[in-house]
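Next comes query-v8.txt, a file with compact mmCIF, C-alpha atoms and all ligand atoms.
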```txt
# COMPACT_ATOMS: atom_id res chain seq x y z
CA MET A 1 27.50 -80.39 -0.88
CA PRO A 2 29.54 -77.25 -0.06
CA SER A 3 28.21 -73.83 -0.80
CA LEU A 4 30.79 -71.22 -1.61
CA PRO A 5 31.23 -67.77 -0.15
CA LEU A 6 31.44 -64.92 -2.64
CA PRO A 7 34.90 -63.39 -2.91
CA SER A 8 34.94 -60.31 -0.68
CA ALA A 9 36.21 -57.00 -1.95
CA THR A 10 39.05 -56.90 0.59
CA GLY A 11 39.88 -60.57 0.86
CA ASN A 12 39.63 -60.33 4.69
CA ARG A 13 36.64 -62.60 4.89
CA GLN A 14 38.46 -65.25 2.84
CA LEU A 15 41.34 -65.08 5.30
CA ALA A 16 39.04 -65.39 8.29
CA ILE A 17 37.42 -68.47 6.81
CA GLU A 18 40.83 -70.04 6.01
CA ASN A 19 42.09 -69.45 9.56
CA ASP A 20 39.04 -70.85 11.28
CA LYS A 21 38.07 -73.86 9.24
CA ASN A 22 35.97 -75.56 11.91
CA ARG A 23 33.74 -72.62 12.72
CA PRO A 24 30.30 -73.10 11.20
CA SER A 25 29.72 -70.47 8.55
CA SER A 26 27.07 -67.90 9.28
CA PRO A 27 24.49 -67.43 6.53
CA ASP A 28 26.07 -64.22 5.27
CA GLU A 29 29.38 -66.04 4.61
CA ARG A 30 27.76 -68.50 2.28
CA LEU A 31 25.95 -68.25 -0.97
CA PRO A 32 22.67 -70.05 -0.64
CA SER A 33 23.40 -71.85 -3.89
CA ALA A 34 24.67 -71.52 -7.40
CA ALA A 35 28.08 -69.88 -6.93
CA VAL A 36 30.19 -71.66 -9.50
CA SER A 37 30.38 -71.26 -13.25
CA VAL A 38 31.83 -74.42 -14.82
CA ILE A 39 33.88 -74.15 -18.02
CA LEU A 40 34.42 -77.42 -19.90
CA PRO A 41 36.98 -76.95 -22.68
CA ALA A 42 36.05 -79.43 -25.43
CA ALA A 43 37.29 -77.55 -28.48
CA GLY A 44 40.47 -79.49 -29.23
CA SER A 45 40.95 -81.81 -32.17
CA GLY A 46 42.24 -84.93 -30.40
CA THR A 47 45.39 -85.21 -32.54
CA ARG A 48 47.08 -87.74 -30.24
CA PHE A 49 43.91 -89.83 -30.05
CA GLY A 50 43.97 -90.13 -33.82
CA ALA A 51 40.24 -90.64 -34.55
CA PRO A 52 38.55 -88.91 -37.51
CA ALA A 53 36.26 -87.00 -35.11
CA ASN A 54 37.13 -85.10 -31.93
CA LYS A 55 37.75 -87.58 -29.07
CA ILE A 56 35.03 -85.91 -26.99
CA PHE A 57 32.51 -87.83 -29.16
CA GLN A 58 34.08 -91.24 -28.51
CA PRO A 59 31.60 -93.76 -27.08
CA LEU A 60 32.44 -94.76 -23.52
CA ALA A 61 30.34 -97.25 -21.52
CA GLY A 62 27.15 -96.35 -23.33
CA LYS A 63 27.50 -92.63 -23.89
CA GLU A 64 29.91 -90.11 -25.34
CA VAL A 65 32.92 -89.01 -23.31
CA PHE A 66 31.82 -85.37 -22.99
CA LEU A 67 28.31 -86.34 -21.81
CA TRP A 68 29.80 -88.30 -18.89
CA THR A 69 31.79 -85.20 -17.97
CA LEU A 70 28.82 -82.84 -18.29
CA GLU A 71 26.67 -85.05 -16.09
CA ARG A 72 29.22 -84.74 -13.26
CA PHE A 73 28.32 -81.06 -12.97
CA ALA A 74 24.74 -80.77 -14.26
CA GLY A 75 22.22 -80.48 -11.44
CA ARG A 76 24.72 -79.59 -8.69
CA PRO A 77 23.10 -76.91 -6.52
CA ASP A 78 26.41 -75.02 -6.23
CA VAL A 79 26.75 -74.70 -10.03
CA CYS A 80 25.00 -71.74 -11.64
CA GLN A 81 26.20 -72.15 -15.21
CA ILE A 82 27.88 -74.70 -17.46
CA LEU A 83 29.80 -73.42 -20.48
CA LEU A 84 30.80 -76.12 -22.97
CA VAL A 85 33.53 -74.82 -25.27
CA VAL A 86 33.04 -76.29 -28.73
CA SER A 87 35.30 -76.17 -31.77
CA PRO A 88 33.81 -74.40 -34.82
CA ALA A 89 34.38 -77.73 -36.63
CA ASP A 90 32.05 -79.51 -34.16
CA ALA A 91 29.40 -76.80 -33.71
CA GLU A 92 26.97 -78.21 -36.26
CA THR A 93 27.21 -81.79 -34.95
CA MET A 94 26.85 -80.57 -31.39
CA ALA A 95 23.68 -78.61 -32.14
CA ARG A 96 22.09 -81.25 -34.36
CA ARG A 97 22.83 -84.38 -32.32
CA TYR A 98 22.99 -83.05 -28.78
CA GLY A 99 20.97 -79.79 -28.79
CA PRO A 100 18.02 -81.16 -26.77
CA ALA A 101 20.27 -82.98 -24.25
CA LEU A 102 22.35 -79.85 -23.72
CA ALA A 103 19.24 -77.71 -23.28
CA ALA A 104 17.88 -80.18 -20.71
CA MET A 105 21.10 -79.83 -18.70
CA ASN A 106 21.11 -76.03 -19.09
CA VAL A 107 24.40 -76.07 -20.94
CA THR A 108 25.53 -73.07 -22.99
CA CYS A 109 27.89 -73.68 -25.92
CA VAL A 110 30.74 -71.24 -26.52
CA GLU A 111 32.99 -71.17 -29.58
CA GLY A 112 36.50 -72.44 -28.92
CA GLY A 113 39.79 -70.95 -30.05
CA PRO A 114 43.07 -72.30 -31.49
CA THR A 115 44.56 -73.18 -28.06
CA ARG A 116 43.07 -74.39 -24.79
CA SER A 117 43.82 -71.00 -23.21
CA ASP A 118 41.99 -69.26 -26.07
CA SER A 119 39.02 -71.57 -25.49
CA VAL A 120 38.88 -70.80 -21.77
CA ARG A 121 39.24 -67.08 -22.50
CA ASN A 122 36.25 -67.20 -24.86
CA ALA A 123 34.18 -68.86 -22.14
CA LEU A 124 35.21 -66.27 -19.54
CA ALA A 125 33.58 -63.63 -21.75
CA GLN A 126 30.24 -65.40 -21.17
CA LEU A 127 30.38 -65.72 -17.36
CA SER A 128 27.12 -65.39 -15.50
CA ALA A 129 26.89 -62.43 -13.11
CA ALA A 130 25.89 -64.93 -10.40
CA ALA A 131 29.24 -66.73 -10.49
CA GLY A 132 31.64 -65.91 -7.66
CA PHE A 133 33.91 -68.80 -8.62
CA VAL A 134 34.95 -70.41 -11.88
CA CYS A 135 35.73 -74.11 -12.25
CA VAL A 136 37.68 -75.24 -15.33
CA HIS A 137 37.54 -78.97 -16.06
CA ASP A 138 38.71 -80.81 -19.18
CA ALA A 139 35.75 -82.26 -21.06
CA VAL A 140 37.93 -85.34 -21.57
CA ARG A 141 38.16 -86.21 -17.86
CA PRO A 142 34.87 -88.12 -17.59
CA CYS A 143 35.68 -90.16 -14.47
CA VAL A 144 35.96 -87.37 -11.89
CA ARG A 145 33.89 -88.30 -8.82
CA GLY A 146 31.45 -85.94 -7.11
CA GLU A 147 33.32 -86.22 -3.79
CA LEU A 148 36.45 -84.83 -5.41
CA ILE A 149 34.50 -81.99 -7.00
CA ASP A 150 33.08 -81.27 -3.52
CA ALA A 151 36.59 -81.25 -2.06
CA VAL A 152 38.15 -78.89 -4.60
CA PHE A 153 35.15 -76.53 -4.45
CA ALA A 154 35.43 -76.41 -0.65
CA ARG A 155 39.19 -75.75 -0.73
CA ALA A 156 38.76 -72.97 -3.28
CA ALA A 157 36.05 -71.44 -1.11
CA ARG A 158 38.54 -71.20 1.76
CA THR A 159 41.63 -70.17 -0.18
CA GLY A 160 40.47 -68.57 -3.44
CA ALA A 161 42.23 -71.08 -5.68
CA ALA A 162 42.51 -74.89 -5.61
CA ILE A 163 43.14 -77.72 -8.06
CA LEU A 164 43.04 -81.48 -7.98
CA ALA A 165 46.51 -82.99 -8.28
CA GLU A 166 48.27 -86.30 -7.71
CA PRO A 167 51.59 -86.91 -5.96
CA VAL A 168 54.06 -88.12 -8.59
CA ALA A 169 54.69 -91.86 -8.15
CA PRO A 170 57.54 -92.89 -10.53
CA THR A 171 61.24 -92.15 -10.06
CA ILE A 172 61.87 -89.05 -12.18
CA LYS A 173 65.07 -88.58 -14.21
CA GLU A 174 66.31 -85.33 -15.72
CA VAL A 175 67.84 -86.23 -19.11
CA ASP A 176 69.95 -84.22 -21.56
CA PRO A 177 69.17 -84.08 -25.32
CA SER A 178 71.53 -87.06 -25.98
CA GLY A 179 69.50 -89.27 -23.61
CA ARG A 180 72.11 -89.19 -20.81
CA ILE A 181 70.65 -89.02 -17.30
CA LEU A 182 71.73 -85.85 -15.52
CA ARG A 183 70.10 -86.53 -12.15
CA THR A 184 67.23 -88.12 -10.29
CA VAL A 185 64.77 -85.41 -9.34
CA PRO A 186 63.50 -85.66 -5.74
CA ARG A 187 59.81 -86.38 -6.15
CA GLU A 188 58.56 -85.61 -2.63
CA ALA A 189 57.40 -82.14 -3.63
CA LEU A 190 56.17 -83.05 -7.12
CA TRP A 191 52.48 -83.24 -7.95
CA ALA A 192 50.86 -83.84 -11.34
CA ALA A 193 48.11 -81.29 -12.02
CA GLN A 194 44.62 -82.49 -12.88
CA THR A 195 41.32 -80.71 -13.27
CA PRO A 196 38.92 -79.46 -11.89
CA GLN A 197 40.77 -76.22 -11.15
CA VAL A 198 38.67 -73.68 -9.25
CA PHE A 199 39.36 -69.98 -8.74
CA ARG A 200 37.78 -66.80 -7.49
CA ARG A 201 36.16 -65.21 -10.50
CA ASP A 202 38.13 -61.96 -10.18
CA TRP A 203 41.47 -63.81 -9.95
CA LEU A 204 40.86 -65.92 -13.04
CA LEU A 205 39.56 -62.98 -15.07
CA ALA A 206 42.66 -60.96 -14.14
CA ALA A 207 44.90 -63.93 -14.96
CA TYR A 208 43.45 -64.16 -18.46
CA ALA A 209 43.30 -60.40 -19.05
CA ALA A 210 47.04 -60.38 -19.76
CA GLY A 211 46.55 -62.65 -22.78
CA ALA A 212 49.06 -65.31 -21.68
CA GLN A 213 48.97 -68.98 -22.72
CA ALA A 214 49.50 -71.95 -20.42
CA THR A 215 48.77 -75.67 -20.28
CA ASP A 216 46.63 -75.18 -17.19
CA ASP A 217 44.89 -72.30 -15.45
CA ALA A 218 46.69 -72.57 -12.13
CA GLN A 219 49.90 -71.32 -13.78
CA LEU A 220 48.21 -68.11 -14.89
CA VAL A 221 46.64 -67.41 -11.50
CA GLN A 222 49.92 -68.13 -9.73
CA ALA A 223 51.75 -65.78 -12.09
CA LEU A 224 49.62 -62.97 -10.62
CA GLY A 225 51.02 -63.77 -7.18
CA HIS A 226 48.06 -65.71 -5.76
CA ASP A 227 48.61 -68.92 -3.80
CA VAL A 228 46.99 -71.97 -5.40
CA PHE A 229 46.44 -75.09 -3.29
CA VAL A 230 46.35 -78.76 -4.27
CA VAL A 231 43.64 -81.17 -3.22
CA PRO A 232 44.70 -84.83 -3.54
CA GLY A 233 43.02 -86.25 -6.62
CA GLU A 234 43.13 -89.86 -7.70
CA PRO A 235 44.73 -91.77 -10.59
CA ARG A 236 41.34 -92.73 -11.95
CA ASN A 237 40.57 -89.08 -12.77
CA ILE A 238 42.31 -89.77 -16.07
CA LYS A 239 42.43 -87.53 -19.11
CA ILE A 240 41.52 -89.30 -22.34
CA THR A 241 44.52 -88.63 -24.57
CA THR A 242 45.02 -91.90 -26.50
CA PRO A 243 42.74 -94.87 -27.32
CA GLY A 244 44.34 -96.83 -24.45
CA ASP A 245 42.98 -94.24 -22.00
CA LEU A 246 39.48 -95.00 -23.22
CA VAL A 247 39.91 -98.69 -22.31
CA MET A 248 41.10 -97.60 -18.86
CA ALA A 249 38.15 -95.22 -18.46
CA GLU A 250 35.74 -98.00 -19.39
CA ALA A 251 37.17 -100.14 -16.55
CA ILE A 252 37.09 -97.24 -14.07
CA LEU A 253 33.46 -96.43 -14.84
CA SER A 254 32.42 -100.05 -14.51
CA HIS A 255 33.78 -99.99 -10.94
CA GLN A 256 32.08 -96.68 -10.11
CA ALA A 257 28.64 -97.99 -11.09
N1 LIG A 301 40.82 -77.91 -25.79
C1 LIG A 301 40.05 -76.79 -26.13
N2 LIG A 301 40.48 -75.94 -27.10
C2 LIG A 301 41.66 -76.15 -27.73
C3 LIG A 301 42.46 -77.25 -27.38
C4 LIG A 301 42.02 -78.12 -26.40
O1 LIG A 301 38.97 -76.60 -25.58
N3 LIG A 301 42.02 -75.31 -28.69
C5 LIG A 301 40.30 -78.88 -24.81
C6 LIG A 301 40.23 -80.30 -25.35
O2 LIG A 301 39.04 -80.49 -26.12
C7 LIG A 301 40.27 -81.13 -24.09
C8 LIG A 301 41.08 -80.27 -23.13
O3 LIG A 301 41.17 -78.97 -23.71
O4 LIG A 301 38.99 -81.37 -23.55
C9 LIG A 301 42.45 -80.86 -22.87
O5 LIG A 301 43.21 -80.85 -24.07
P1 LIG A 301 43.86 -82.13 -24.78
O6 LIG A 301 43.69 -83.35 -23.96
O7 LIG A 301 45.21 -81.72 -25.22
O8 LIG A 301 42.88 -82.34 -26.04
P2 LIG A 301 43.18 -82.06 -27.58
O9 LIG A 301 43.89 -80.76 -27.71
O10 LIG A 301 41.88 -82.24 -28.29
O11 LIG A 301 44.14 -83.29 -27.94
P3 LIG A 301 45.55 -83.23 -28.69
O12 LIG A 301 46.42 -82.30 -27.90
O13 LIG A 301 46.01 -84.64 -28.73
O14 LIG A 301 45.24 -82.69 -30.08
MG MG A 302 45.87 -80.48 -26.85
```
Translate this file's structure into structure tokens.
Amino acid sequence: MPSLPLPSATGNRQLAIENDKNRPSSPDERLPSAAVSVILPAAGSGTRFGAPANKIFQPLAGKEVFLWTLERFAGRPDVCQILLVVSPADAETMARRYGPALAAMNVTCVEGGPTRSDSVRNALAQLSAAAGFVCVHDAVRPCVRGELIDAVFARAARTGAAILAEPVAPTIKEVDPSGRILRTVPREALWAAQTPQVFRRDWLLAAYAAGAQATDDAQLVQALGHDVFVVPGEPRNIKITTPGDLVMAEAILSHQA
């Protein structure tokens, strides 16, 4: 399990760690534990899924989707806080049905906003003082494996910002509004972003301070001029968007067991 160094005021220590990856870290370069605050945005409405309730509550291999996701992070020694971002429409259900389970996992609920970026911004206002890094992970990606969380935490510790992503496999066409293919886009440099996405606390706070909106957090951090690095994810780290994804997740989890 990696422990993460706190971001230094100058950034020099980060650079030294990045340039000398094989050197064992001395104790003062590492936090003993509990460096990462985990934000799990769950405050959408699941429009594309099409169920009467938010898709986070869908049953999946014996428990709800969002509980699978939470359990990937609960109890990790490098996690100091878990913030579950909940829609006002779900707040009552969440407290009534899951209050004790959330308390047992030390999860704090935060009220979500109209967009995913608004939801993350609300959670950032509740960050623990102990958190040197912030990890944002969609509550609807329940299949992420601990080894991949380890890998993206470790990369962020060295670079300040890292995300899981997948090299794009299909042949990609650029198409005009009439449906005519304009060109085949070279895919060698194309990666599909996933979560977790992990950032130095100060970088992510600054990225959100401007009030911008984006479909992921890496875009906002990059817009400030920081380099963000990819860690190879895997196709089974799927996001539940439609009912078909739930069937896929069921199969993935049965193989992980
Ligand atoms: N999310 C959020 N707050 C919002 C919108 C989305 O916290 N205002 C969360 C979702 O709950 C989900 C994650 O962001 O865990 C990724 O979003 P997405 O898959 O798009 O979920 P929904 O927005 O719920 O689905 P849809 O776009 O189909 O309505
Ligand atoms: Mg959405």
Using the file's own x, y and z axes, so that the box edges lie along x, y and z, what centre and edge lengths in Å (one decimal) does a box around every listed atom of range 44-61 of chain A get when 5 Å is added on each side? Give it as JSON.
```
{"center_x": 38.7, "center_y": -88.4, "center_z": -29.5, "size_x": 26.7, "size_y": 27.8, "size_z": 26.0}
```
Atom P1 of ligand LIG 301 (chain A) to CA of Cys143 in chain A: how many Å, to one decimal? 15.4 Å
Which residues are near Ser254 in chain A? Cut-off 9 Å, only C-alpha atoms, ignore same chain within fewer than 4 positions. Put them as a PyMOL selection string. chain A and resi 61+249-250
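Take CA of Ala123 in chain A and CA of Leu220 in chain A: the distance between them is 15.8 Å.
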Residues within 7 Å of ligand LIG 301 (chain A), counting only C-alpha atoms and all ligand atoms, as JSON, numbers by chain: {"A": [41, 42, 43, 44, 45, 46, 47, 48, 49, 54, 55, 56, 85, 86, 87, 112, 113, 114, 115, 116, 118, 119, 120, 138, 139, 140, 239, 240, 241]}
Please list as a PyMOL selection string every residue within 9 Å of Val134 in chain A, counting only C-alpha atoms and excluding residues in the same chain fewer than 6 positions away. chain A and resi 35-39+124+127+197-201+204
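Computed from the coordinates, the CA of Arg155 in chain A to CA of Trp191 in chain A distance equals 16.9 Å.
If you measure from each of A:Asp78, A:Asp90, A:Glu188, A:Asp150 to Ala169 in chain A using all atoms listed in the file, the closest one turns out to be A:Glu188.
The smallest atom-to-atom distance between His226 in chain A and any of A:Glu64, A:Asp202, A:Asp176, A:Glu147, using all atoms listed in the file, is found for A:Asp202.
If only C-alpha atoms are the atoms counted, then among A:Val168, A:Ile163, A:Leu70, A:Leu246 the closest residue to Thr195 in chain A is A:Ile163.
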May I ask which of the residues A:Arg141, A:Pro77, A:Gly211, A:Ala192 is the closest one to Val230 in chain A, counting all atoms listed in the file? A:Ala192
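With only C-alpha atoms and all ligand atoms as the basis for measurement, A:Ser117 is the residue among A:Val221, A:Gly132, A:Leu190, A:Ser117 that approaches ligand MG 302 (chain A) most closely.
Shortest atom-to-atom contact with Pro167 in chain A among A:Pro196, A:Pro232, A:Pro186, A:Pro59: A:Pro232, counting all atoms listed in the file.
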Step by step: start from the point (32.1, -90.5, -17.4) in the file's coordinates, keep every protein, DNA or RNA residue that has an atom no farther than 6 Å from it, count all atoms listed in the file, and write the set as JSON, numbers by chain. {"A": [68, 69, 142, 143]}
